[in-house]
file structure-v9.txt (compact mmCIF, C-alpha atoms)
# COMPACT_ATOMS: atom_id res chain seq x y z
CA MET A 569 123.04 118.35 63.15
CA THR A 570 119.85 120.35 62.74
CA ALA A 571 117.14 120.12 65.32
CA LEU A 572 114.55 117.46 64.74
CA ASP A 573 111.20 119.13 64.18
CA GLN A 574 107.61 117.96 64.26
CA SER A 575 107.29 117.77 60.46
CA GLN A 576 110.05 115.14 60.30
CA ILE A 577 108.40 113.14 63.06
CA ASP A 578 105.04 113.48 61.28
CA THR A 579 106.60 112.10 58.08
CA GLU A 580 107.97 109.10 59.96
CA ILE A 581 104.65 108.50 61.77
CA THR A 582 102.83 108.53 58.43
CA ALA A 583 105.38 106.18 56.86
CA ALA A 584 105.01 103.68 59.71
CA ARG A 585 101.21 103.85 59.48
CA ASP A 586 101.28 103.37 55.69
CA ALA A 587 103.63 100.40 56.05
CA TYR A 588 101.25 98.82 58.56
CA ALA A 589 98.22 99.44 56.32
CA LYS A 590 100.01 97.80 53.41
CA ALA A 591 101.02 94.81 55.54
CA LEU A 592 97.39 94.43 56.66
CA ALA A 593 96.20 94.58 53.05
CA ASP A 594 98.75 91.91 52.20
CA GLY A 595 97.29 89.61 54.84
CA ALA A 596 99.44 90.33 57.92
CA ALA A 597 97.84 89.88 61.34
CA VAL A 598 96.36 92.82 63.21
CA ARG A 599 99.03 94.34 65.42
CA HIS A 600 97.55 95.14 68.83
CA HIS A 601 100.75 96.32 70.51
CA PRO A 602 103.30 98.90 69.41
CA SER A 603 106.38 97.72 67.57
CA ARG A 604 109.39 97.97 69.90
CA ASP A 605 111.33 99.31 66.93
CA TYR A 606 109.53 102.58 66.25
CA ALA A 607 111.83 105.27 64.88
CA PRO A 608 109.65 108.34 65.63
CA TYR A 609 110.12 107.54 69.35
CA ARG A 610 113.86 108.16 69.37
CA SER A 611 114.54 106.47 72.70
CA SER A 612 113.46 103.14 71.21
CA GLU A 613 116.38 103.14 68.78
CA LEU A 614 118.94 101.43 71.03
CA ARG A 615 116.45 99.74 73.34
CA HIS A 616 114.65 97.25 71.11
CA PRO A 617 115.85 93.72 70.35
CA LYS A 618 116.85 92.88 66.79
CA HIS A 619 116.28 89.13 67.16
CA ALA A 620 112.78 87.71 66.90
CA LEU A 621 111.21 86.71 70.23
CA VAL A 622 111.43 83.00 71.01
CA GLU A 623 108.01 81.41 71.43
CA VAL A 624 107.41 79.42 74.59
CA ARG A 625 104.51 76.96 74.41
CA ASP A 626 105.47 74.92 77.46
CA PRO A 627 102.33 74.22 79.54
CA GLU A 628 104.59 73.88 82.60
CA ALA A 629 106.08 77.36 82.18
CA VAL A 630 106.30 79.31 85.44
CA GLU A 631 105.05 82.38 83.57
CA LEU A 632 101.55 80.85 83.34
CA SER A 633 101.20 81.59 87.04
CA GLY A 634 101.86 84.97 88.57
CA PRO A 635 102.22 87.13 91.67
CA VAL A 636 99.23 87.87 93.87
CA PHE A 637 98.40 90.83 96.08
CA GLY A 638 95.87 91.34 98.83
CA VAL A 639 94.36 93.65 101.41
CA THR A 640 97.70 94.00 103.18
CA ASP A 641 99.23 95.57 100.03
CA VAL A 642 96.94 98.59 99.72
CA THR A 643 95.27 101.07 102.04
CA ASP A 644 91.86 102.63 101.49
CA LEU A 645 93.39 106.05 100.85
CA ASP A 646 95.54 104.80 97.98
CA ALA A 647 92.69 104.99 95.48
CA ASP A 648 92.00 108.67 96.20
CA LEU A 649 94.93 110.73 94.97
CA THR A 650 93.27 113.94 96.17
CA ARG A 651 93.44 112.94 99.85
CA GLN A 652 97.07 111.99 100.29
CA HIS A 653 98.21 115.34 101.72
CA THR A 654 96.95 117.84 104.27
CA GLY A 655 95.38 120.11 101.66
CA GLU A 656 93.50 119.62 98.42
CA PRO A 657 95.34 119.56 95.11
CA ILE A 658 94.76 122.16 92.39
CA GLY A 659 93.01 120.98 89.25
CA GLU A 660 89.96 119.29 87.83
CA ARG A 661 88.82 116.46 90.13
CA ILE A 662 87.92 113.33 88.16
CA THR A 663 86.95 109.72 88.73
CA VAL A 664 88.58 107.07 86.54
CA THR A 665 86.94 103.66 86.62
CA GLY A 666 86.57 100.55 84.51
CA ARG A 667 86.95 96.78 84.51
CA LEU A 668 90.04 94.62 84.22
CA LEU A 669 89.33 91.62 81.99
CA ASP A 670 91.18 88.80 80.28
CA ARG A 671 90.77 88.11 76.58
CA ASP A 672 87.89 85.74 77.26
CA GLY A 673 86.08 88.63 78.93
CA LYS A 674 86.43 87.15 82.39
CA PRO A 675 87.04 89.65 85.20
CA ILE A 676 90.43 89.65 86.91
CA ARG A 677 89.52 89.68 90.59
CA GLY A 678 91.43 91.02 93.58
CA GLN A 679 94.46 92.01 91.55
CA LEU A 680 96.71 95.04 91.96
CA VAL A 681 96.20 98.14 89.80
CA GLU A 682 98.81 100.90 90.09
CA ILE A 683 98.70 104.36 88.52
CA TRP A 684 100.99 107.38 88.32
CA GLN A 685 100.61 110.70 86.60
CA ALA A 686 101.63 114.35 86.29
CA ASN A 687 99.76 117.03 88.25
CA ALA A 688 97.27 119.49 86.74
CA SER A 689 100.17 121.62 85.44
CA GLY A 690 101.78 118.69 83.68
CA ARG A 691 104.63 118.17 86.16
CA TYR A 692 105.64 114.90 87.81
CA ALA A 693 106.78 114.73 91.43
CA HIS A 694 110.06 113.35 90.10
CA GLN A 695 113.47 115.01 90.39
CA ARG A 696 114.16 114.38 86.73
CA ASP A 697 111.12 116.40 85.62
CA GLN A 698 112.46 119.97 85.75
CA HIS A 699 110.20 121.63 83.23
CA PRO A 700 109.02 125.05 84.44
CA ALA A 701 105.56 124.18 85.71
CA PRO A 702 104.69 124.25 89.42
CA LEU A 703 104.76 121.26 91.68
CA ASP A 704 101.65 120.87 93.82
CA PRO A 705 102.45 120.25 97.50
CA ASN A 706 99.08 118.51 97.81
CA PHE A 707 99.50 116.11 94.92
CA THR A 708 101.97 113.28 94.43
CA GLY A 709 100.17 111.42 91.66
CA VAL A 710 100.51 107.79 92.76
CA GLY A 711 97.55 105.47 93.35
CA ARG A 712 96.86 101.79 93.98
CA CYS A 713 93.79 99.62 94.38
CA LEU A 714 92.66 96.02 94.12
CA THR A 715 90.04 95.05 91.55
CA GLY A 716 86.64 93.96 92.82
CA ASP A 717 84.83 90.69 92.14
CA ASP A 718 83.66 91.97 88.75
CA GLY A 719 87.12 93.28 87.88
CA THR A 720 86.23 96.89 88.66
CA TYR A 721 88.89 99.42 89.67
CA ARG A 722 88.20 103.02 90.64
CA PHE A 723 90.39 106.06 91.33
CA THR A 724 89.64 109.64 92.32
CA THR A 725 92.32 111.99 91.05
CA ILE A 726 93.08 115.26 89.27
CA LYS A 727 93.10 115.49 85.50
CA PRO A 728 96.79 115.58 84.50
CA GLY A 729 98.13 118.31 82.22
CA PRO A 730 100.06 117.78 79.00
CA TYR A 731 103.81 118.33 79.24
CA PRO A 732 106.83 118.94 77.01
CA TRP A 733 109.55 116.37 76.39
CA ARG A 734 112.69 116.23 74.31
CA ASN A 735 111.98 113.68 71.61
CA HIS A 736 112.04 116.53 69.08
CA THR A 737 111.56 120.31 69.07
CA ASN A 738 108.14 121.28 70.46
CA ALA A 739 107.26 117.73 71.49
CA TRP A 740 104.33 117.54 73.93
CA ARG A 741 102.79 114.47 75.51
CA PRO A 742 98.99 114.38 75.48
CA ALA A 743 97.55 114.20 79.01
CA HIS A 744 97.68 110.62 80.26
CA ILE A 745 97.64 108.39 83.31
CA HIS A 746 100.15 105.52 83.52
CA PHE A 747 98.66 102.15 84.50
CA SER A 748 100.41 98.99 85.74
CA LEU A 749 98.34 95.78 85.71
CA PHE A 750 98.66 92.15 86.71
CA GLY A 751 96.57 89.24 85.50
CA THR A 752 96.38 85.74 86.89
CA ALA A 753 99.55 84.88 84.94
CA PHE A 754 102.86 86.71 84.58
CA THR A 755 102.35 86.46 80.80
CA GLN A 756 99.46 88.92 81.15
CA ARG A 757 101.56 91.67 82.72
CA LEU A 758 100.80 95.08 81.23
CA VAL A 759 102.11 98.61 81.66
CA THR A 760 100.31 101.16 79.56
CA GLN A 761 98.88 104.69 79.45
CA MET A 762 95.27 105.94 79.43
CA TYR A 763 94.46 109.04 77.41
CA PHE A 764 91.54 111.50 77.52
CA PRO A 765 89.03 111.81 74.67
CA GLY A 766 89.43 114.58 72.14
CA ASP A 767 93.00 115.56 73.02
CA PRO A 768 94.39 117.68 70.14
CA LEU A 769 97.91 116.35 70.77
CA PHE A 770 97.14 112.75 69.69
CA PRO A 771 98.39 113.01 66.08
CA TYR A 772 101.71 114.58 67.12
CA ASP A 773 102.66 112.08 69.81
CA PRO A 774 105.03 109.29 68.72
CA ILE A 775 104.35 107.20 71.83
CA LEU A 776 100.60 106.95 71.21
CA GLN A 777 101.10 106.73 67.44
CA ALA A 778 103.49 103.79 67.96
CA VAL A 779 100.25 101.81 68.15
CA THR A 780 99.77 101.85 64.38
CA ASP A 781 96.44 100.01 64.34
CA ASP A 782 93.60 102.60 64.52
CA SER A 783 91.27 100.39 66.52
CA ALA A 784 94.00 99.39 68.98
CA ARG A 785 95.07 102.99 69.45
CA GLY A 786 91.46 103.92 70.15
CA ARG A 787 91.42 101.41 73.01
CA LEU A 788 93.94 103.57 74.88
CA VAL A 789 91.46 106.45 75.06
CA ALA A 790 88.96 106.62 77.91
CA THR A 791 85.29 107.48 77.40
CA TYR A 792 83.65 110.37 79.19
CA ALA A 793 80.84 108.81 81.27
CA HIS A 794 78.30 111.50 82.09
CA ASP A 795 75.98 109.05 83.86
CA ARG A 796 78.80 108.24 86.29
CA SER A 797 79.85 111.83 86.97
CA SER A 798 79.04 113.04 90.49
CA PRO A 799 76.90 116.20 90.61
CA GLU A 800 78.80 119.19 92.03
CA TRP A 801 81.83 116.96 92.60
CA SER A 802 83.67 115.27 89.71
CA LEU A 803 83.56 114.20 86.09
CA CYS A 804 83.93 110.50 85.35
CA TYR A 805 86.01 108.74 82.72
CA ARG A 806 85.52 105.09 81.96
CA TRP A 807 88.29 102.84 80.67
CA ASP A 808 88.13 99.04 80.47
CA ILE A 809 91.40 97.14 80.21
CA VAL A 810 91.87 93.77 78.50
CA LEU A 811 95.02 91.81 79.32
CA ASP A 812 96.78 89.86 76.59
CA GLY A 813 98.58 86.55 77.03
CA PRO A 814 97.75 83.02 78.13
CA ALA A 815 97.11 81.92 81.71
CA ALA A 816 97.21 78.49 83.34
CA THR A 817 93.41 78.12 83.39
CA TRP A 818 93.23 78.95 79.72
CA ILE A 819 95.78 76.22 78.93
CA GLU A 820 93.83 73.67 80.98
CA GLU A 821 90.61 74.51 79.18
CA GLY A 822 92.47 74.13 75.91
CA ARG A 823 93.62 70.68 77.01
CA ASP A 824 90.13 69.63 77.99
CA GLY A 825 88.84 70.79 74.63
CA MET B 534 83.28 83.00 72.20
CA ALA B 535 85.06 85.76 70.34
CA GLU B 536 88.12 86.98 72.12
CA LEU B 537 88.28 90.58 73.27
CA ALA B 538 91.00 92.65 71.66
CA PRO B 539 93.74 93.44 74.17
CA THR B 540 94.67 96.86 75.48
CA PRO B 541 97.95 97.91 73.83
CA SER B 542 101.15 98.34 75.79
CA GLN B 543 102.83 101.72 76.22
CA THR B 544 106.27 102.51 77.57
CA VAL B 545 106.77 102.78 81.34
CA GLY B 546 108.43 106.14 80.54
CA PRO B 547 111.02 107.95 82.67
CA PHE B 548 108.89 108.88 85.70
CA TYR B 549 107.78 105.58 87.26
CA GLY B 550 110.46 105.88 89.94
CA TYR B 551 108.22 107.42 92.60
CA ALA B 552 105.34 105.04 91.88
CA LEU B 553 106.39 101.48 91.09
CA PRO B 554 109.53 100.65 93.11
CA PHE B 555 108.84 99.99 96.78
CA PRO B 556 110.99 99.43 99.88
CA GLY B 557 112.16 95.83 100.06
CA GLY B 558 111.01 95.22 96.49
CA ALA B 559 114.24 93.40 95.70
CA ASP B 560 114.17 91.20 98.80
CA ILE B 561 112.09 88.09 98.20
CA ALA B 562 114.17 86.09 100.68
CA PRO B 563 113.37 86.60 104.37
CA ALA B 564 115.98 88.84 106.03
CA GLY B 565 118.95 86.80 107.24
CA HIS B 566 117.81 83.53 105.64
CA PRO B 567 120.89 81.27 105.38
CA GLY B 568 119.76 79.92 101.99
CA ALA B 569 119.43 83.33 100.34
CA ILE B 570 121.08 83.89 96.98
CA THR B 571 121.82 87.15 95.18
CA VAL B 572 120.99 87.60 91.51
CA HIS B 573 122.39 90.79 90.04
CA GLY B 574 123.59 92.32 86.83
CA HIS B 575 123.43 95.26 84.47
CA VAL B 576 120.98 96.21 81.77
CA TYR B 577 122.68 97.43 78.58
CA ASP B 578 121.42 99.11 75.42
CA GLY B 579 122.46 98.57 71.81
CA ALA B 580 125.47 100.87 72.20
CA GLY B 581 126.66 98.80 75.15
CA ALA B 582 125.78 101.64 77.54
CA PRO B 583 124.14 100.83 80.88
CA VAL B 584 120.42 101.61 81.10
CA PRO B 585 119.78 103.62 84.28
CA ASP B 586 116.02 103.80 83.83
CA ALA B 587 114.95 100.18 83.49
CA LEU B 588 112.65 98.36 85.89
CA LEU B 589 112.93 94.59 86.34
CA GLU B 590 110.34 92.26 87.80
CA PHE B 591 110.99 88.67 88.85
CA TRP B 592 108.48 85.90 89.43
CA GLN B 593 109.36 82.41 90.66
CA PRO B 594 108.05 79.36 92.49
CA ALA B 595 108.70 78.99 96.20
CA PRO B 596 111.54 76.66 97.27
CA ASP B 597 108.92 73.89 97.73
CA GLY B 598 107.78 74.33 94.11
CA SER B 599 104.52 76.11 94.95
CA ARG B 600 103.44 78.58 92.27
CA THR B 601 100.60 80.23 94.14
CA GLY B 602 102.73 83.09 95.49
CA ALA B 603 101.37 85.04 98.44
CA PRO B 604 100.13 88.56 99.07
CA GLY B 605 102.24 90.93 101.12
CA SER B 606 105.09 92.04 98.85
CA LEU B 607 103.99 95.65 99.51
CA ARG B 608 102.58 95.09 103.00
CA ARG B 609 101.51 98.44 104.41
CA ASP B 610 101.39 100.18 107.72
CA PRO B 611 97.70 101.02 108.22
CA VAL B 612 98.63 104.04 110.37
CA SER B 613 101.06 105.86 108.10
CA GLY B 614 100.42 104.07 104.81
CA ALA B 615 104.15 103.39 104.47
CA VAL B 616 105.36 100.14 102.92
CA ILE B 617 106.64 97.98 105.78
CA GLY B 618 107.51 95.06 103.54
CA ARG B 619 107.15 91.31 103.60
CA HIS B 620 106.76 89.70 107.00
CA GLY B 621 109.13 86.89 106.00
CA LEU B 622 106.80 83.96 106.69
CA ASP B 623 105.05 83.74 103.33
CA PHE B 624 107.04 83.41 100.12
CA THR B 625 105.56 86.00 97.76
CA GLY B 626 107.76 85.00 94.80
CA PHE B 627 107.71 88.52 93.38
CA ALA B 628 110.48 91.12 93.15
CA ARG B 629 110.52 94.55 91.56
CA VAL B 630 113.76 96.47 91.26
CA PRO B 631 114.80 99.58 89.32
CA THR B 632 118.30 99.79 87.85
CA ASP B 633 120.55 102.34 89.54
CA ALA B 634 122.45 105.21 87.88
CA ASP B 635 124.98 102.62 86.65
CA GLY B 636 122.33 100.37 85.11
CA HIS B 637 122.79 97.78 87.87
CA TYR B 638 120.23 95.81 89.87
CA ALA B 639 120.40 93.16 92.58
CA ILE B 640 117.76 90.96 94.19
CA ARG B 641 117.95 88.51 97.08
CA THR B 642 115.81 85.41 96.92
CA LEU B 643 115.67 81.69 97.62
CA PRO B 644 116.27 79.15 94.84
CA PRO B 645 113.06 78.28 92.97
CA GLY B 646 111.64 74.80 93.51
CA GLY B 647 111.09 72.50 90.54
CA VAL B 648 112.58 74.73 87.83
CA PRO B 649 116.09 76.10 87.28
CA TYR B 650 115.00 79.64 86.34
CA LEU B 651 113.45 82.90 87.50
CA ALA B 652 110.93 84.54 85.15
CA VAL B 653 111.99 88.11 84.32
CA CYS B 654 110.01 91.01 82.87
CA VAL B 655 111.93 94.08 81.68
CA PHE B 656 110.47 97.59 81.43
CA ALA B 657 112.37 100.73 80.41
CA ARG B 658 112.02 104.22 79.06
CA GLY B 659 112.31 103.77 75.30
CA LEU B 660 110.83 100.29 75.43
CA LEU B 661 107.27 100.45 74.07
CA HIS B 662 106.34 96.93 75.16
CA HIS B 663 107.93 95.02 78.03
CA LEU B 664 110.21 92.06 77.36
CA PHE B 665 110.13 88.65 79.02
CA THR B 666 113.25 86.60 79.58
CA ARG B 667 114.49 84.00 82.06
CA ALA B 668 117.47 83.93 84.42
CA TYR B 669 118.61 80.30 84.61
CA LEU B 670 120.59 79.65 87.78
CA THR B 671 122.01 76.45 86.32
CA ASP B 672 122.33 75.12 82.79
CA ALA B 673 119.71 72.45 82.26
CA ASP B 674 118.01 70.22 79.71
CA ASP B 675 115.01 72.47 79.67
CA PRO B 676 112.58 72.67 76.71
CA LEU B 677 113.52 76.30 76.06
CA LEU B 678 117.30 75.98 76.44
CA THR B 679 117.61 72.85 74.32
CA ALA B 680 115.91 74.63 71.41
CA LEU B 681 118.52 77.41 71.35
CA GLU B 682 121.91 77.47 69.65
CA PRO B 683 124.80 77.68 72.18
CA ARG B 684 125.56 81.38 71.69
CA ARG B 685 121.93 82.37 72.24
CA ARG B 686 121.43 79.84 75.04
CA ALA B 687 124.35 81.34 76.97
CA THR B 688 122.52 84.66 77.33
CA LEU B 689 119.93 83.04 79.60
CA ILE B 690 122.35 81.36 81.98
CA ALA B 691 123.44 83.37 84.99
CA ILE B 692 127.14 83.27 85.77
CA ALA B 693 127.89 81.77 89.19
CA GLU B 694 130.32 84.28 90.70
CA THR B 695 130.31 82.50 94.02
CA GLU B 696 128.13 79.72 95.39
CA ARG B 697 125.42 82.21 96.33
CA VAL B 698 125.93 85.07 93.89
CA HIS B 699 124.71 84.82 90.29
CA ARG B 700 125.23 87.48 87.64
CA PHE B 701 122.55 87.89 84.99
CA ASP B 702 123.04 90.77 82.54
CA VAL B 703 120.30 91.88 80.18
CA ARG B 704 121.33 93.15 76.75
CA LEU B 705 118.37 94.79 75.05
CA GLN B 706 120.02 94.88 71.63
CA ASP B 707 122.91 93.20 69.86
CA ASN B 708 125.76 95.73 69.67
CA GLY B 709 128.12 93.70 67.53
CA ALA B 710 130.36 92.82 70.47
CA HIS B 711 127.81 91.16 72.72
CA GLU B 712 124.98 88.77 72.03
CA GLU B 713 121.49 90.15 72.61
CA THR B 714 119.56 88.46 75.43
CA VAL B 715 116.98 85.91 74.31
CA PHE B 716 113.53 87.41 74.84
CA LEU B 717 110.37 85.35 74.99
CA ASP B 718 106.86 85.38 73.60
CA PHE B 719 103.97 83.47 75.16
CA PRO B 720 101.42 83.06 72.37
call {"tool": "encode", "arguments": {"input": "structure-v9.txt", "output": "structure tokens"}}
result
Amino acid sequence: MTALDQSQIDTEITAARDAYAKALADGAAVRHHPSRDYAPYRSSELRHPKHALVEVRDPEAVELSGPVFGVTDVTDLDADLTRQHTGEPIGERITVTGRLLDRDGKPIRGQLVEIWQANASGRYAHQRDQHPAPLDPNFTGVGRCLTGDDGTYRFTTIKPGPYPWRNHTNAWRPAHIHFSLFGTAFTQRLVTQMYFPGDPLFPYDPILQAVTDDSARGRLVATYAHDRSSPEWSLCYRWDIVLDGPAATWIEEGRDG
Amino acid sequence: MAELAPTPSQTVGPFYGYALPFPGGADIAPAGHPGAITVHGHVYDGAGAPVPDALLEFWQPAPDGSRTGAPGSLRRDPVSGAVIGRHGLDFTGFARVPTDADGHYAIRTLPPGGVPYLAVCVFARGLLHHLFTRAYLTDADDPLLTALEPRRRATLIAIAETERVHRFDVRLQDNGAHEETVFLDFP
């Protein structure tokens, strides 16, 4: 078997995008989320279901409620990833902030936001990441916070580096921060990744390109927010997050209507 | 009002292990509770191989049927920042557990009140968008189960190995020999 190179992956990415464009033109619905069956991301091959999902429209479903978190679940230091060790981490200090909203635009209040990321060299503090970039003894790359009353979250961290992976020869992930989010209902659960504007690796990355809708893919990229950057301290990136899926309150409003 | 377009999902990837799992994440039941049950199983891929890098989350009502949950699943020590875990008085209803090197997980909880199932959310490297399913502790005339043909329905019903131990395997993809788990969509 010959090594899989970028040009083959590019061909598959283009084919998937063309197929989506044709489906849209033929009247298919906009696809906000990636298809679980996305060949250019090789690890998806044996890990996606072949059966269609079964729709649940039961207003009594447990999934319309969800877990809650509170002040006992986080500490103040969790939101500053640059202060979790005795020294300061190497890299470009940044602030990442935005609002967590539901599809009606209502803020999700007091809910848990979790992030994890590589260090400035593109290495994770994870035994399985053995690529030859240095670990930073002053950076773990894990953060948590609760959203405020207007849905705002805010982290201080280091801009992560891009890193190689083994999907194909010369595969590199664009710099990103992993996010884990809860809504008011379990149906709204979301794990995703935030990217940085202008990254030249975007077109080559099968994980980002798995979101075949251009507008949807754009929603994974943060905006540089100069007005929020702190003079002589850190640059700011802004990224709002909108959770999909119904919640109990939404169902009740639907009933009333 | 026009709906906002949602933020797309992306895979949890291979490196969540130092960020998302937490001590006691699998222990919803208070330590030593006589009514505790174990729900465990394997996660398998389409080749029938165990998936060692999946993360499962469970959400359920309290034994009294309450669906409000409670904070404190990741209760923290304000001195060291370490996770000291649930205090055992409130029922948080939430578990998070990674599969081990053999693709196996186990949680300890109390039976849910009012419904026969635990809600399950599956994340994994290679899975671009999480999957919802349900672990039914007993077969039941439930609106979801009654709509499924027997072979599909069986994938949602945990096998009672003993009175207090239930096995619920998750099969991400039909491999010809085993039925794929029924996964759910909440439109």
call {"tool": "residues_around", "arguments": {"input": "structure-v9.txt", "residues": "Val616 in chain B", "least_positions_apart": "6", "cutoff": "7 Å", "atoms": "only C-alpha atoms", "output": "PyMOL selection string"}}
result
chain B and resi 556+607-610
call {"tool": "closest_residue", "arguments": {"input": "structure-v9.txt", "among": "B:Asp560, B:Asp597, B:Asp578, B:Glu713", "to": "Arg629 in chain B", "atoms": "only C-alpha atoms"}}
result
B:Asp560
call {"tool": "closest_residue", "arguments": {"input": "structure-v9.txt", "among": "A:Leu714, A:Ala753, A:Val759, A:Ile676", "to": "chain B", "atoms": "all atoms listed in the file"}}
result
A:Val759
call {"tool": "residues_near_point", "arguments": {"input": "structure-v9.txt", "point": "(87.6, 99.8, 74.4)", "cutoff": "10 Å", "atoms": "only C-alpha atoms", "output": "PyMOL selection string"}}
result
(chain A and resi 783-791+806-810) or (chain B and resi 537-540)
call {"tool": "interface_residues", "arguments": {"input": "structure-v9.txt", "of": "chain A", "to": "chain B", "cutoff": "6 Å", "atoms": "only C-alpha atoms", "output": "list of chain:residue names"}}
result
A:His600, A:His601, A:Arg604, A:Ser611, A:Ser612, A:Leu614, A:Arg615, A:His616, A:Pro617, A:Leu621, A:Val622, A:Glu623, A:Val624, A:Pro635, A:Val636, A:Phe637, A:Gly638, A:Thr640, A:Asp641, A:Arg671, A:Asp672, A:Val710, A:Val759, A:Thr760, A:Gln761, A:Ile809, A:Val810, A:Leu811, A:Asp812
call {"tool": "closest_residue", "arguments": {"input": "structure-v9.txt", "among": "A:Pro774, A:Pro814, A:Pro705, A:Gly678", "to": "Leu749 in chain A", "atoms": "all atoms listed in the file"}}
result
A:Gly678
call {"tool": "atom_distance", "arguments": {"input": "structure-v9.txt", "atom1": "CA of Leu803 in chain A", "atom2": "CA of Tyr731 in chain A"}}
result
21.8 Å
call {"tool": "residues_around", "arguments": {"input": "structure-v9.txt", "residues": "Gln698 in chain A", "least_positions_apart": "6", "cutoff": "12 Å", "atoms": "all atoms listed in the file", "output": "VMD selection string"}}
result
(chain A and resid 690 to 692 731 to 733) or (chain B and resid 548)
call {"tool": "atom_distance", "arguments": {"input": "structure-v9.txt", "atom1": "CA of Pro768 in chain A", "atom2": "CA of Arg610 in chain A"}}
result
21.7 Å
call {"tool": "atom_distance", "arguments": {"input": "structure-v9.txt", "atom1": "CA of Ala739 in chain A", "atom2": "CA of Ala701 in chain A"}}
result
15.7 Å
call {"tool": "closest_residue", "arguments": {"input": "structure-v9.txt", "among": "B:Thr695, B:Thr642, B:Tyr669, B:Arg684", "to": "Gly557 in chain B", "atoms": "only C-alpha atoms"}}
result
B:Thr642
call {"tool": "closest_residue", "arguments": {"input": "structure-v9.txt", "among": "B:Arg685, B:Arg641, B:Leu678, B:Ala710", "to": "Pro567 in chain B", "atoms": "all atoms listed in the file"}}
result
B:Arg641
call {"tool": "axis_aligned_box", "arguments": {"input": "structure-v9.txt", "around": "range 789-792 of chain A", "padding_each_side": "4 Å", "output": "JSON"}}
result
{"center_x": 87.6, "center_y": 108.4, "center_z": 77.1, "size_x": 15.8, "size_y": 11.9, "size_z": 12.1}
call {"tool": "closest_residue", "arguments": {"input": "structure-v9.txt", "among": "B:Ala587, B:Ile570, B:Ile561, B:Leu670", "to": "Phe624 in chain B", "atoms": "only C-alpha atoms"}}
result
B:Ile561
